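Pasting coords_2.cif here (mmCIF, N, CA and C atoms):
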data_entry
#
loop_
_atom_site.label_atom_id
_atom_site.label_comp_id
_atom_site.auth_asym_id
_atom_site.auth_seq_id
_atom_site.Cartn_x
_atom_site.Cartn_y
_atom_site.Cartn_z
N MET A 1 344.46 83.55 -157.14
CA MET A 1 343.06 83.65 -156.75
C MET A 1 342.92 83.56 -155.24
N ARG A 2 341.88 84.22 -154.77
CA ARG A 2 341.64 84.19 -153.33
C ARG A 2 340.97 82.89 -152.95
N LYS A 3 341.35 82.36 -151.81
CA LYS A 3 340.77 81.11 -151.33
C LYS A 3 339.70 81.41 -150.29
N ASP A 4 338.80 80.49 -150.14
CA ASP A 4 337.75 80.53 -149.12
C ASP A 4 336.84 81.76 -149.23
N ILE A 5 336.49 82.17 -150.47
CA ILE A 5 335.56 83.30 -150.62
C ILE A 5 334.15 82.82 -150.96
N HIS A 6 334.01 81.55 -151.34
CA HIS A 6 332.69 81.03 -151.70
C HIS A 6 332.06 80.35 -150.49
N PRO A 7 330.72 80.43 -150.35
CA PRO A 7 330.07 79.75 -149.24
C PRO A 7 330.09 78.23 -149.45
N GLN A 8 329.85 77.51 -148.38
CA GLN A 8 329.82 76.04 -148.49
C GLN A 8 328.61 75.63 -149.31
N TRP A 9 328.78 74.63 -150.15
CA TRP A 9 327.70 74.14 -151.03
C TRP A 9 327.11 72.88 -150.45
N TYR A 10 325.78 72.86 -150.33
CA TYR A 10 325.06 71.69 -149.85
C TYR A 10 324.29 71.10 -151.03
N PRO A 11 324.76 70.02 -151.63
CA PRO A 11 324.09 69.47 -152.81
C PRO A 11 322.73 68.85 -152.50
N ASP A 12 322.49 68.48 -151.25
CA ASP A 12 321.22 67.87 -150.87
C ASP A 12 320.52 68.70 -149.80
N ALA A 13 320.34 69.98 -150.06
CA ALA A 13 319.63 70.84 -149.11
C ALA A 13 318.15 70.49 -149.14
N LYS A 14 317.55 70.42 -147.97
CA LYS A 14 316.14 70.02 -147.86
C LYS A 14 315.25 71.26 -147.93
N VAL A 15 314.16 71.14 -148.68
CA VAL A 15 313.19 72.22 -148.83
C VAL A 15 311.93 71.84 -148.07
N PHE A 16 311.48 72.73 -147.19
CA PHE A 16 310.28 72.51 -146.40
C PHE A 16 309.24 73.56 -146.75
N CYS A 17 307.99 73.10 -146.92
CA CYS A 17 306.87 74.01 -147.17
C CYS A 17 305.82 73.74 -146.12
N ASN A 18 305.52 74.74 -145.29
CA ASN A 18 304.56 74.60 -144.19
C ASN A 18 304.92 73.43 -143.27
N GLY A 19 306.19 73.26 -143.00
CA GLY A 19 306.64 72.22 -142.09
C GLY A 19 306.78 70.85 -142.71
N GLN A 20 306.40 70.67 -143.96
CA GLN A 20 306.49 69.37 -144.63
C GLN A 20 307.70 69.35 -145.54
N PHE A 21 308.39 68.22 -145.57
CA PHE A 21 309.52 68.05 -146.47
C PHE A 21 308.98 67.94 -147.90
N VAL A 22 309.55 68.74 -148.82
CA VAL A 22 309.04 68.78 -150.18
C VAL A 22 310.03 68.13 -151.15
N MET A 23 311.28 68.56 -151.14
CA MET A 23 312.27 68.06 -152.10
C MET A 23 313.67 68.41 -151.63
N THR A 24 314.65 67.95 -152.39
CA THR A 24 316.03 68.32 -152.12
C THR A 24 316.58 69.07 -153.33
N VAL A 25 317.38 70.08 -153.04
CA VAL A 25 318.00 70.89 -154.10
C VAL A 25 319.41 71.23 -153.66
N GLY A 26 320.19 71.78 -154.56
CA GLY A 26 321.51 72.29 -154.20
C GLY A 26 321.38 73.73 -153.74
N ALA A 27 322.02 74.07 -152.61
CA ALA A 27 321.90 75.42 -152.08
C ALA A 27 323.09 75.74 -151.19
N ALA A 28 323.17 76.99 -150.77
CA ALA A 28 324.24 77.43 -149.90
C ALA A 28 323.87 77.29 -148.43
N VAL A 29 322.65 76.84 -148.14
CA VAL A 29 322.20 76.59 -146.77
C VAL A 29 321.68 75.16 -146.69
N PRO A 30 321.76 74.50 -145.54
CA PRO A 30 321.34 73.10 -145.46
C PRO A 30 319.82 72.90 -145.52
N GLU A 31 319.02 73.90 -145.10
CA GLU A 31 317.57 73.78 -145.13
C GLU A 31 316.94 75.07 -145.65
N LEU A 32 315.93 74.92 -146.50
CA LEU A 32 315.17 76.06 -147.01
C LEU A 32 313.72 75.92 -146.54
N HIS A 33 313.16 77.01 -146.02
CA HIS A 33 311.75 77.02 -145.61
C HIS A 33 311.02 78.01 -146.50
N VAL A 34 310.04 77.50 -147.25
CA VAL A 34 309.29 78.34 -148.19
C VAL A 34 307.81 78.30 -147.84
N GLU A 35 307.08 79.33 -148.27
CA GLU A 35 305.64 79.38 -148.04
C GLU A 35 304.86 78.78 -149.20
N VAL A 36 305.38 78.95 -150.42
CA VAL A 36 304.69 78.46 -151.62
C VAL A 36 305.70 77.75 -152.50
N TRP A 37 305.30 76.65 -153.09
CA TRP A 37 306.12 75.98 -154.08
C TRP A 37 305.21 75.51 -155.20
N SER A 38 305.75 74.92 -156.25
CA SER A 38 304.95 74.59 -157.43
C SER A 38 303.83 73.60 -157.12
N GLY A 39 303.95 72.80 -156.08
CA GLY A 39 302.89 71.86 -155.72
C GLY A 39 301.69 72.50 -155.07
N THR A 40 301.86 73.70 -154.52
CA THR A 40 300.73 74.38 -153.87
C THR A 40 300.34 75.68 -154.55
N HIS A 41 301.10 76.11 -155.55
CA HIS A 41 300.80 77.38 -156.22
C HIS A 41 299.60 77.22 -157.15
N PRO A 42 298.62 78.15 -157.09
CA PRO A 42 297.41 78.03 -157.92
C PRO A 42 297.69 77.96 -159.41
N PHE A 43 298.75 78.58 -159.89
CA PHE A 43 299.05 78.54 -161.32
C PHE A 43 299.34 77.12 -161.78
N TYR A 44 300.05 76.37 -160.97
CA TYR A 44 300.44 75.02 -161.35
C TYR A 44 299.38 73.98 -160.98
N THR A 45 298.57 74.24 -159.97
CA THR A 45 297.56 73.27 -159.56
C THR A 45 296.25 73.46 -160.32
N GLY A 46 296.07 74.62 -160.95
CA GLY A 46 294.83 74.87 -161.71
C GLY A 46 293.70 75.36 -160.84
N GLN A 47 293.93 75.59 -159.57
CA GLN A 47 292.89 76.09 -158.68
C GLN A 47 293.14 77.57 -158.44
N GLN A 48 292.26 78.39 -158.95
CA GLN A 48 292.42 79.82 -158.75
C GLN A 48 291.56 80.25 -157.58
N ARG A 49 292.17 80.95 -156.66
CA ARG A 49 291.45 81.46 -155.50
C ARG A 49 291.56 82.98 -155.51
N ILE A 50 290.43 83.62 -155.31
CA ILE A 50 290.44 85.07 -155.20
C ILE A 50 290.26 85.40 -153.72
N VAL A 51 291.25 86.00 -153.16
CA VAL A 51 291.19 86.38 -151.75
C VAL A 51 290.56 87.77 -151.69
N ASP A 52 289.37 87.83 -151.15
CA ASP A 52 288.65 89.09 -151.08
C ASP A 52 288.90 89.73 -149.72
N THR A 53 289.74 90.74 -149.70
CA THR A 53 290.06 91.44 -148.47
C THR A 53 289.21 92.70 -148.40
N GLU A 54 288.30 92.71 -147.47
CA GLU A 54 287.43 93.86 -147.22
C GLU A 54 286.67 94.30 -148.47
N GLY A 55 286.19 93.36 -149.27
CA GLY A 55 285.35 93.68 -150.41
C GLY A 55 286.08 94.34 -151.57
N GLN A 56 287.37 94.12 -151.70
CA GLN A 56 288.12 94.77 -152.78
C GLN A 56 287.65 94.30 -154.15
N VAL A 57 287.33 93.01 -154.27
CA VAL A 57 286.88 92.49 -155.56
C VAL A 57 285.55 93.12 -155.94
N GLU A 58 284.64 93.21 -154.98
CA GLU A 58 283.33 93.82 -155.26
C GLU A 58 283.49 95.29 -155.67
N ARG A 59 284.36 96.03 -154.97
CA ARG A 59 284.58 97.43 -155.32
C ARG A 59 285.16 97.54 -156.72
N PHE A 60 286.08 96.63 -157.07
CA PHE A 60 286.66 96.66 -158.40
C PHE A 60 285.60 96.41 -159.47
N VAL A 61 284.74 95.43 -159.24
CA VAL A 61 283.69 95.11 -160.21
C VAL A 61 282.75 96.30 -160.38
N LYS A 62 282.38 96.95 -159.26
CA LYS A 62 281.50 98.13 -159.35
C LYS A 62 282.17 99.25 -160.14
N ARG A 63 283.45 99.47 -159.85
CA ARG A 63 284.18 100.53 -160.55
C ARG A 63 284.26 100.22 -162.05
N LEU A 64 284.48 98.96 -162.38
CA LEU A 64 284.55 98.55 -163.78
C LEU A 64 283.21 98.77 -164.48
N GLU A 65 282.11 98.41 -163.81
CA GLU A 65 280.78 98.63 -164.40
C GLU A 65 280.51 100.11 -164.61
N ARG A 66 280.89 100.93 -163.62
CA ARG A 66 280.69 102.37 -163.76
C ARG A 66 281.48 102.91 -164.93
N ARG A 67 282.73 102.46 -165.05
CA ARG A 67 283.60 102.95 -166.12
C ARG A 67 283.05 102.56 -167.49
N GLU A 68 282.50 101.34 -167.60
CA GLU A 68 281.90 100.92 -168.88
C GLU A 68 280.69 101.78 -169.21
N GLY A 69 279.88 102.10 -168.20
CA GLY A 69 278.71 102.97 -168.41
C GLY A 69 279.14 104.35 -168.84
N VAL A 70 280.18 104.88 -168.23
CA VAL A 70 280.68 106.21 -168.58
C VAL A 70 281.22 106.21 -169.99
N ALA A 71 281.92 105.14 -170.37
CA ALA A 71 282.48 105.06 -171.72
C ALA A 71 281.35 105.05 -172.75
N PHE A 72 280.26 104.33 -172.46
CA PHE A 72 279.15 104.27 -173.39
C PHE A 72 278.50 105.64 -173.53
N THR A 73 278.25 106.33 -172.40
CA THR A 73 277.61 107.64 -172.48
C THR A 73 278.55 108.66 -173.12
N SER A 74 279.84 108.55 -172.85
CA SER A 74 280.75 109.52 -173.45
C SER A 74 280.82 109.33 -174.96
N LYS A 75 280.73 108.10 -175.44
CA LYS A 75 280.73 107.87 -176.89
C LYS A 75 279.48 108.49 -177.51
N ARG A 76 278.35 108.33 -176.84
CA ARG A 76 277.11 108.90 -177.35
C ARG A 76 277.19 110.42 -177.37
N LYS A 77 277.73 111.00 -176.29
CA LYS A 77 277.85 112.47 -176.22
C LYS A 77 278.81 112.99 -177.28
N LYS A 78 279.90 112.26 -177.52
CA LYS A 78 280.85 112.68 -178.55
C LYS A 78 280.17 112.70 -179.92
N ALA A 79 279.37 111.68 -180.21
CA ALA A 79 278.68 111.63 -181.49
C ALA A 79 277.69 112.78 -181.63
N GLU A 80 276.97 113.10 -180.54
CA GLU A 80 276.02 114.21 -180.58
C GLU A 80 276.75 115.53 -180.82
N ARG A 81 277.87 115.74 -180.11
CA ARG A 81 278.64 116.98 -180.30
C ARG A 81 279.16 117.08 -181.72
N ARG A 82 279.61 115.96 -182.27
CA ARG A 82 280.12 115.96 -183.65
C ARG A 82 279.02 116.37 -184.62
N ARG A 83 277.80 115.84 -184.41
CA ARG A 83 276.67 116.20 -185.29
C ARG A 83 276.31 117.68 -185.15
N GLU A 84 276.32 118.18 -183.91
CA GLU A 84 276.02 119.59 -183.69
C GLU A 84 277.04 120.49 -184.38
N ARG A 85 278.33 120.15 -184.23
CA ARG A 85 279.37 120.95 -184.88
C ARG A 85 279.21 120.92 -186.40
N GLN A 86 278.85 119.79 -186.92
CA GLN A 86 278.71 119.66 -188.36
C GLN A 86 277.54 120.52 -188.85
N THR A 87 276.43 120.54 -188.12
CA THR A 87 275.29 121.37 -188.55
C THR A 87 275.63 122.85 -188.40
N ILE A 88 276.39 123.21 -187.37
CA ILE A 88 276.79 124.61 -187.20
C ILE A 88 277.69 125.03 -188.36
N VAL A 89 278.63 124.17 -188.72
CA VAL A 89 279.54 124.48 -189.83
C VAL A 89 278.74 124.63 -191.12
N GLU A 90 277.78 123.76 -191.36
CA GLU A 90 276.97 123.86 -192.58
C GLU A 90 276.17 125.15 -192.57
N PHE A 91 275.61 125.54 -191.41
CA PHE A 91 274.83 126.75 -191.30
C PHE A 91 275.72 127.98 -191.58
N VAL A 92 276.92 128.00 -191.01
CA VAL A 92 277.84 129.12 -191.21
C VAL A 92 278.24 129.20 -192.68
N ASP A 93 278.50 128.06 -193.29
CA ASP A 93 278.88 128.05 -194.71
C ASP A 93 277.77 128.65 -195.58
N GLU A 94 276.51 128.38 -195.25
CA GLU A 94 275.41 128.91 -196.04
C GLU A 94 275.33 130.43 -195.88
N GLU A 95 275.57 130.95 -194.69
CA GLU A 95 275.50 132.38 -194.46
C GLU A 95 276.64 133.11 -195.17
N GLU A 96 277.82 132.51 -195.18
CA GLU A 96 278.99 133.17 -195.76
C GLU A 96 279.00 133.12 -197.28
N THR A 97 278.26 132.25 -197.87
CA THR A 97 278.22 132.16 -199.32
C THR A 97 277.56 133.41 -199.87
N PRO A 98 278.29 134.21 -200.61
CA PRO A 98 277.68 135.45 -201.11
C PRO A 98 276.65 135.14 -202.20
N ALA A 99 275.56 135.88 -202.14
CA ALA A 99 274.53 135.72 -203.17
C ALA A 99 275.05 136.37 -204.46
N ALA A 100 274.55 135.92 -205.54
CA ALA A 100 274.99 136.48 -206.82
C ALA A 100 274.59 137.95 -206.92
N LYS A 101 275.57 138.82 -206.88
CA LYS A 101 275.29 140.26 -206.96
C LYS A 101 275.40 140.70 -208.41
N PRO A 102 274.55 141.64 -208.80
CA PRO A 102 274.65 142.12 -210.19
C PRO A 102 275.95 142.93 -210.35
N ALA A 103 276.54 142.81 -211.48
CA ALA A 103 277.78 143.52 -211.77
C ALA A 103 277.47 145.00 -211.87
N PRO A 104 278.33 145.88 -211.33
CA PRO A 104 278.09 147.32 -211.41
C PRO A 104 278.16 147.80 -212.85
N ALA A 105 277.21 148.66 -213.23
CA ALA A 105 277.14 149.19 -214.58
C ALA A 105 278.04 150.42 -214.70
N GLU A 106 278.81 150.49 -215.75
CA GLU A 106 279.70 151.64 -215.93
C GLU A 106 279.18 152.56 -216.95
#

Transcribe the structure of this file into structure tokens.
Amino acid sequence: MRKDIHPQWYPDAKVFCNGQFVMTVGAAVPELHVEVWSGTHPFYTGQQRIVDTEGQVERFVKRLERREGVAFTSKRKKAERRRERQTIVEFVDEEETPAAKPAPAE
């Protein structure tokens, strides 16, 4: 086996979040600097924050409302078209039905 191919292991590597010491873990580097950890992440703290960048949330809500309105009108239009097609089919069926013709006399 080859020797000296693995990095040095630091069993007590220090983890820093925003300049504050958070915990110690085992790692290949002596210090880790992170932006988010479980103590500050909204999923684990229960605090949900919506970061609204240039009104993106508002635009999304408007788009969602428009889409719901379109879906409602499209369902109504589909039902109207279905009824129209059904009446057209019934009308065509009545025209194509041959009337009782008298049998030719021989």

Å distance separating CA of Val15 (chain A) from CA of Trp37 (chain A), one decimal place: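 Between these atoms lies a distance of 9.6 Å.
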
Skipping near chain neighbours, those fewer than 2 positions away, what residues fall within 8 Å of Gly26 (chain A) using only N, CA and C atoms, listed as JSON, numbers by chain? {"A": [9, 10, 11, 12, 13, 14, 23, 24, 28, 29]}

One number please: CA of Glu80 (chain A) to atom N of Val61 (chain A), in Å, one decimal.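 One can read the CA of Glu80 (chain A) to atom N of Val61 (chain A) distance as 29.7 Å.
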